[in-house]
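The next block is data.tsv, given as TSV, C-alpha atoms.
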chain	number	residue	atom	x	y	z
A	3	MET	CA	-25.50	-14.78	-20.35
A	4	ARG	CA	-22.69	-12.32	-20.96
A	5	ALA	CA	-20.56	-10.84	-18.15
A	6	THR	CA	-20.47	-7.07	-18.04
A	7	PRO	CA	-17.06	-5.34	-18.02
A	8	ILE	CA	-17.62	-4.22	-14.42
A	9	THR	CA	-18.30	-7.80	-13.28
A	10	VAL	CA	-15.23	-9.07	-15.09
A	11	ALA	CA	-13.07	-6.30	-13.59
A	12	ALA	CA	-14.42	-6.97	-10.09
A	13	LEU	CA	-13.77	-10.70	-10.47
A	14	ALA	CA	-10.24	-10.05	-11.74
A	15	ALA	CA	-9.53	-7.73	-8.80
A	16	ALA	CA	-10.88	-10.29	-6.32
A	17	LEU	CA	-8.75	-13.06	-7.84
A	18	LEU	CA	-5.68	-10.82	-7.80
A	19	LEU	CA	-6.13	-10.01	-4.12
A	20	THR	CA	-6.69	-13.64	-3.12
A	21	ALA	CA	-3.56	-14.76	-4.97
A	22	CYS	CA	-1.13	-12.26	-3.49
A	23	ASP	CA	1.38	-12.60	-0.70
A	24	ASP	CA	3.47	-10.14	1.26
A	25	ASN	CA	5.63	-9.65	-1.86
A	26	GLY	CA	8.93	-10.23	-0.15
A	27	GLY	CA	8.29	-7.87	2.72
A	28	ASP	CA	10.90	-7.44	5.39
A	29	GLY	CA	8.84	-9.25	8.00
A	30	ALA	CA	8.05	-6.09	9.94
A	31	ALA	CA	4.39	-6.91	9.44
A	32	SER	CA	4.26	-10.61	8.76
A	33	GLY	CA	0.68	-10.93	9.90
A	34	ASP	CA	1.53	-12.73	13.13
A	35	THR	CA	0.34	-11.18	16.34
A	36	ASN	CA	3.13	-10.75	18.85
A	37	LYS	CA	2.84	-13.75	21.22
A	38	SER	CA	3.95	-11.66	24.21
A	39	GLY	CA	0.69	-9.75	24.04
A	40	THR	CA	2.52	-6.41	24.02
A	41	SER	CA	1.46	-5.64	20.47
A	42	GLU	CA	-2.21	-6.18	21.15
A	43	SER	CA	-3.86	-2.80	20.87
A	44	LYS	CA	-6.51	-1.67	23.29
A	45	ALA	CA	-9.97	-1.42	21.78
A	46	GLY	CA	-9.98	1.56	19.46
A	47	ASP	CA	-6.23	2.30	19.66
A	48	ALA	CA	-4.38	3.08	16.46
A	49	CYS	CA	-3.59	0.04	14.31
A	50	THR	CA	0.08	-0.95	14.40
A	51	LEU	CA	2.15	-2.95	11.95
A	52	ASP	CA	2.91	-5.66	14.47
A	53	GLY	CA	-0.83	-6.26	14.84
A	54	VAL	CA	-1.75	-6.55	11.15
A	55	GLY	CA	-1.10	-8.81	8.19
A	56	VAL	CA	0.01	-7.18	4.93
A	57	GLN	CA	-0.68	-8.18	1.32
A	58	VAL	CA	0.58	-6.33	-1.76
A	59	ALA	CA	-0.90	-6.72	-5.24
A	60	ALA	CA	-0.34	-4.68	-8.38
A	61	SER	CA	-1.79	-3.73	-11.68
A	62	ALA	CA	1.59	-2.64	-12.97
A	63	ALA	CA	2.04	-0.03	-15.67
A	64	PRO	CA	3.12	-1.90	-18.83
A	65	GLY	CA	5.36	0.78	-20.31
A	66	ALA	CA	6.82	4.27	-19.87
A	67	GLY	CA	4.08	6.89	-19.60
A	68	ASP	CA	1.44	4.33	-18.56
A	69	SER	CA	-0.35	4.40	-15.20
A	70	GLY	CA	-0.26	1.61	-12.65
A	71	ASN	CA	-1.62	0.87	-9.19
A	72	VAL	CA	-0.15	-1.01	-6.25
A	73	THR	CA	-2.79	-2.02	-3.70
A	74	VAL	CA	-1.78	-2.68	-0.10
A	75	THR	CA	-4.30	-4.55	2.05
A	76	ILE	CA	-3.93	-4.84	5.79
A	77	THR	CA	-5.81	-7.34	7.96
A	78	ASN	CA	-6.23	-6.67	11.66
A	79	ARG	CA	-4.92	-9.68	13.61
A	80	GLY	CA	-5.47	-8.26	17.10
A	81	SER	CA	-8.02	-6.30	19.09
A	82	LYS	CA	-10.18	-3.64	17.52
A	83	CYS	CA	-8.04	-0.76	16.21
A	84	THR	CA	-8.45	2.41	14.16
A	85	LEU	CA	-6.90	3.98	11.08
A	86	ASN	CA	-7.23	7.74	11.16
A	87	GLY	CA	-5.42	9.47	8.30
A	88	PHE	CA	-3.39	8.56	5.27
A	89	PRO	CA	-0.62	5.98	5.17
A	90	GLY	CA	2.88	7.40	4.78
A	91	VAL	CA	4.54	6.00	1.65
A	92	GLY	CA	8.16	6.29	0.54
A	93	LEU	CA	9.88	5.06	-2.61
A	94	HIS	CA	13.56	4.07	-2.36
A	95	ALA	CA	16.10	3.81	-5.18
A	96	GLY	CA	19.50	3.30	-3.63
A	97	ALA	CA	20.63	6.67	-2.26
A	98	ASP	CA	17.55	8.45	-3.66
A	99	SER	CA	14.25	8.38	-1.79
A	100	SER	CA	11.01	10.23	-2.22
A	101	THR	CA	7.77	10.61	-0.34
A	102	VAL	CA	4.54	9.86	-2.18
A	103	PRO	CA	1.99	12.63	-1.59
A	104	ALA	CA	-1.64	11.98	-0.65
A	105	ASP	CA	-4.13	12.04	-3.52
A	106	LYS	CA	-5.44	15.63	-3.51
A	107	ALA	CA	-8.96	14.45	-4.36
A	108	ALA	CA	-9.08	11.94	-1.49
A	109	LYS	CA	-10.32	12.64	2.02
A	110	ALA	CA	-9.13	10.44	4.87
A	111	GLN	CA	-11.82	8.86	6.99
A	112	LYS	CA	-11.54	7.25	10.39
A	113	LEU	CA	-11.92	3.48	10.06
A	114	THR	CA	-12.34	1.04	12.94
A	115	LEU	CA	-11.16	-2.48	12.20
A	116	ALA	CA	-12.46	-5.41	14.23
A	117	LYS	CA	-10.31	-8.55	14.47
A	118	ASP	CA	-9.84	-10.05	10.97
A	119	ALA	CA	-11.30	-6.96	9.25
A	120	THR	CA	-9.39	-5.50	6.30
A	121	ALA	CA	-8.67	-2.10	4.81
A	122	SER	CA	-6.63	-1.12	1.77
A	123	PHE	CA	-4.97	1.81	0.09
A	124	ALA	CA	-3.47	2.23	-3.35
A	125	ILE	CA	-0.33	3.81	-4.71
A	126	ALA	CA	-1.08	5.21	-8.17
A	127	TYR	CA	2.00	5.94	-10.28
A	128	VAL	CA	3.16	6.78	-13.79
A	129	ARG	CA	5.87	4.52	-15.08
A	130	GLY	CA	9.07	6.25	-16.08
A	131	GLU	CA	11.57	5.37	-18.78
A	132	ALA	CA	14.05	2.80	-17.47
A	133	GLY	CA	17.30	4.59	-16.66
A	134	GLY	CA	15.90	7.94	-17.78
A	135	SER	CA	16.90	11.21	-16.12
A	136	LYS	CA	13.22	11.91	-15.34
A	137	SER	CA	12.71	8.53	-13.63
A	138	LEU	CA	13.33	7.05	-10.21
A	139	ALA	CA	14.61	3.45	-10.39
A	140	VAL	CA	12.62	2.30	-7.36
A	141	LYS	CA	13.86	-0.90	-5.68
A	142	THR	CA	11.70	-0.88	-2.54
A	143	ALA	CA	8.66	0.91	-1.18
A	144	ALA	CA	7.77	1.35	2.46
A	145	PHE	CA	4.67	2.53	4.28
A	146	THR	CA	3.68	3.54	7.78
A	147	LEU	CA	0.26	3.50	9.37
A	148	PRO	CA	-1.21	6.77	10.69
A	149	GLY	CA	0.24	7.68	14.07
A	150	SER	CA	3.18	5.30	13.83
A	151	SER	CA	6.77	5.57	12.62
A	152	ALA	CA	7.29	1.80	12.19
A	153	ALA	CA	7.56	0.98	8.48
A	154	HIS	CA	6.81	-2.09	6.39
A	155	SER	CA	8.99	-2.44	3.29
A	156	PHE	CA	8.29	-4.45	0.17
A	157	LYS	CA	10.14	-5.08	-3.08
A	158	TRP	CA	9.08	-2.77	-5.93
A	159	SER	CA	9.07	-4.76	-9.17
A	160	TYR	CA	6.74	-2.51	-11.15
A	161	GLY	CA	9.25	-0.46	-13.14
A	162	ASP	CA	10.79	2.97	-12.72
A	163	VAL	CA	8.52	5.78	-11.50
A	164	ALA	CA	8.32	8.97	-13.54
A	165	LEU	CA	9.36	12.21	-11.82
A	166	LYS	CA	7.58	15.56	-11.93
A	167	GLY	CA	10.77	17.40	-11.08
A	168	GLY	CA	13.66	16.19	-8.98
A	169	ALA	CA	14.01	12.80	-7.30
A	170	SER	CA	11.84	14.04	-4.44
A	171	SER	CA	8.78	14.56	-6.68
A	172	PRO	CA	7.46	11.24	-7.99
A	173	ASN	CA	4.55	11.23	-10.40
A	174	ALA	CA	2.58	9.18	-7.89
A	175	SER	CA	-0.03	9.54	-5.15
A	176	VAL	CA	-1.48	7.48	-2.32
A	177	THR	CA	-5.19	7.07	-1.62
A	178	ALA	CA	-6.91	7.11	1.74
A	179	PHE	CA	-7.72	3.82	3.48
A	180	GLN	CA	-10.89	2.12	2.30
A	181	GLN	CA	-12.72	-0.59	4.20
A	182	ALA	CA	-12.30	-3.86	2.31
A	183	GLY	CA	-14.34	-7.05	2.42
A	184	ASP	CA	-17.77	-7.43	3.96
Go through the file and emit its structure as structure tokens.
Amino acid sequence: MRATPITVAALAAALLLTACDDNGGDGAASGDTNKSGTSESKAGDACTLDGVGVQVAASAAPGAGDSGNVTVTITNRGSKCTLNGFPGVGLHAGADSSTVPADKAAKAQKLTLAKDATASFAIAYVRGEAGGSKSLAVKTAAFTLPGSSAAHSFKWSYGDVALKGGASSPNASVTAFQQAGD
């Protein structure tokens, strides 16, 4: 029996997600619930970084002009919480930073996450020429959850990001949250 391309792609994506870690994150969202109980959200409250685990996986763009995706998966470690809106994503390259806009074709949906439930979003980007004037040499990326200003940072090792204009206009977008898992 021969595997169809969709089955192979789904299996590859599942293996990629199970093999990832927090990719050198700053610990702001290590996946541990605050032992003091103060980070536990009330049923249905907005999800917070101190109440979720974070995993980052990528299908990096191989060369300049190619497209890549960085998938961020969060796992609720506390009480039931909600995600209502898009994540806020920023790319940082030394003194230069830029905000990644929401995918214009995506529509945010309100998701409720029970304990241990997961949701993910993706950062789609076009790889820029290393050191090029139309590229942002991204070193770290950071994201916030809807309704929160606390950020989780992770190392960006997926190449420079192409620019549409100045350093504040990356050729990138962020998707809405999608329920992951069962």
- Query: What separation in Å, quoted to one decimal, exists between atom CA of A:Thr142 and atom CA of A:Ser155?
  - Reply: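 Between atom CA of A:Thr142 and atom CA of A:Ser155 the gap is 6.6 Å.
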- Item | Atomic distance atom CA of A:Ala126 - atom CA of A:Gly80, expressed in Å with one decimal |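 Calculated distance between atom CA of A:Ala126 and atom CA of A:Gly80 is 29.0 Å.
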- Task: Tell me, as JSON, numbers by chain, which residues lie within 10 Å of stretch 178-180 of chain A, counting all atoms listed in the file; anything in the same chain fewer than 6 positions away does not count.
- Result: {"A": [74, 75, 76, 85, 86, 87, 88, 89, 104, 105, 107, 108, 109, 110, 111, 112, 113, 120, 121, 122, 123, 124, 125, 147]}
- Nearest candidate to A:Val72 (options A:Ala153, A:Val54, A:Ala182, A:Val91; using all atoms listed in the file): A:Val91
- Task: Mind checking which residues fall within 9 Å of A:Thr146, counting all atoms listed in the file, ignoring those fewer than 2 positions away in the same chain, and posting them as an NGL selection string?
- Result: :A and (50-51 or 89-92 or 144 or 148-154)
- Task: Record the distance separating atom CA of A:Val56 and atom CA of A:Gly96, expressed in Å with one decimal.
- Result: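 Atom CA of A:Val56 sits 23.7 Å away from atom CA of A:Gly96.
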Box centre and edge lengths (Å, one decimal), axis-aligned, stretch 154-170 of chain A plus 8 Å each side, as lines of an AutoDock Vina configuration file:
center_x = 10.4
center_y = 6.2
center_z = -3.6
size_x = 23.3
size_y = 38.5
size_z = 35.9
- Using only C-alpha atoms, the residue out of A:Ala164, A:Val140, A:Cys49, A:Val176 with shortest distance to A:Ala97 is A:Val140
- Message: Env of A:Lys106: 9 Å cut, atoms = only C-alpha atoms, seq-sep filter 3 positions within chain, self excluded. Answer as a list of chain:residue names.
- Response: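 Close residues of A:Lys106: A:Pro103, A:Lys109, A:Ser175, A:Thr177.
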- Which one is closest to A:Asn173: A:Tyr127, A:Ala66, A:His94, A:Asp47? Count only C-alpha atoms.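 Distance minimum relative to A:Asn173 lands on A:Tyr127.
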- Item | Residues within 8 Å of A:Ser137, all atoms listed in the file, excluding chain neighbours under 5 positions, as an MDAnalysis selection string | chainID A and resid 130:132 162:165 169
- Between A:Gly167, A:Gly183, A:Pro172, A:Gly161, single out the one closest to A:Ala62, counting only C-alpha atoms.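 Ranking A:Gly167, A:Gly183, A:Pro172, A:Gly161 by distance to A:Ala62, first place goes to A:Gly161.
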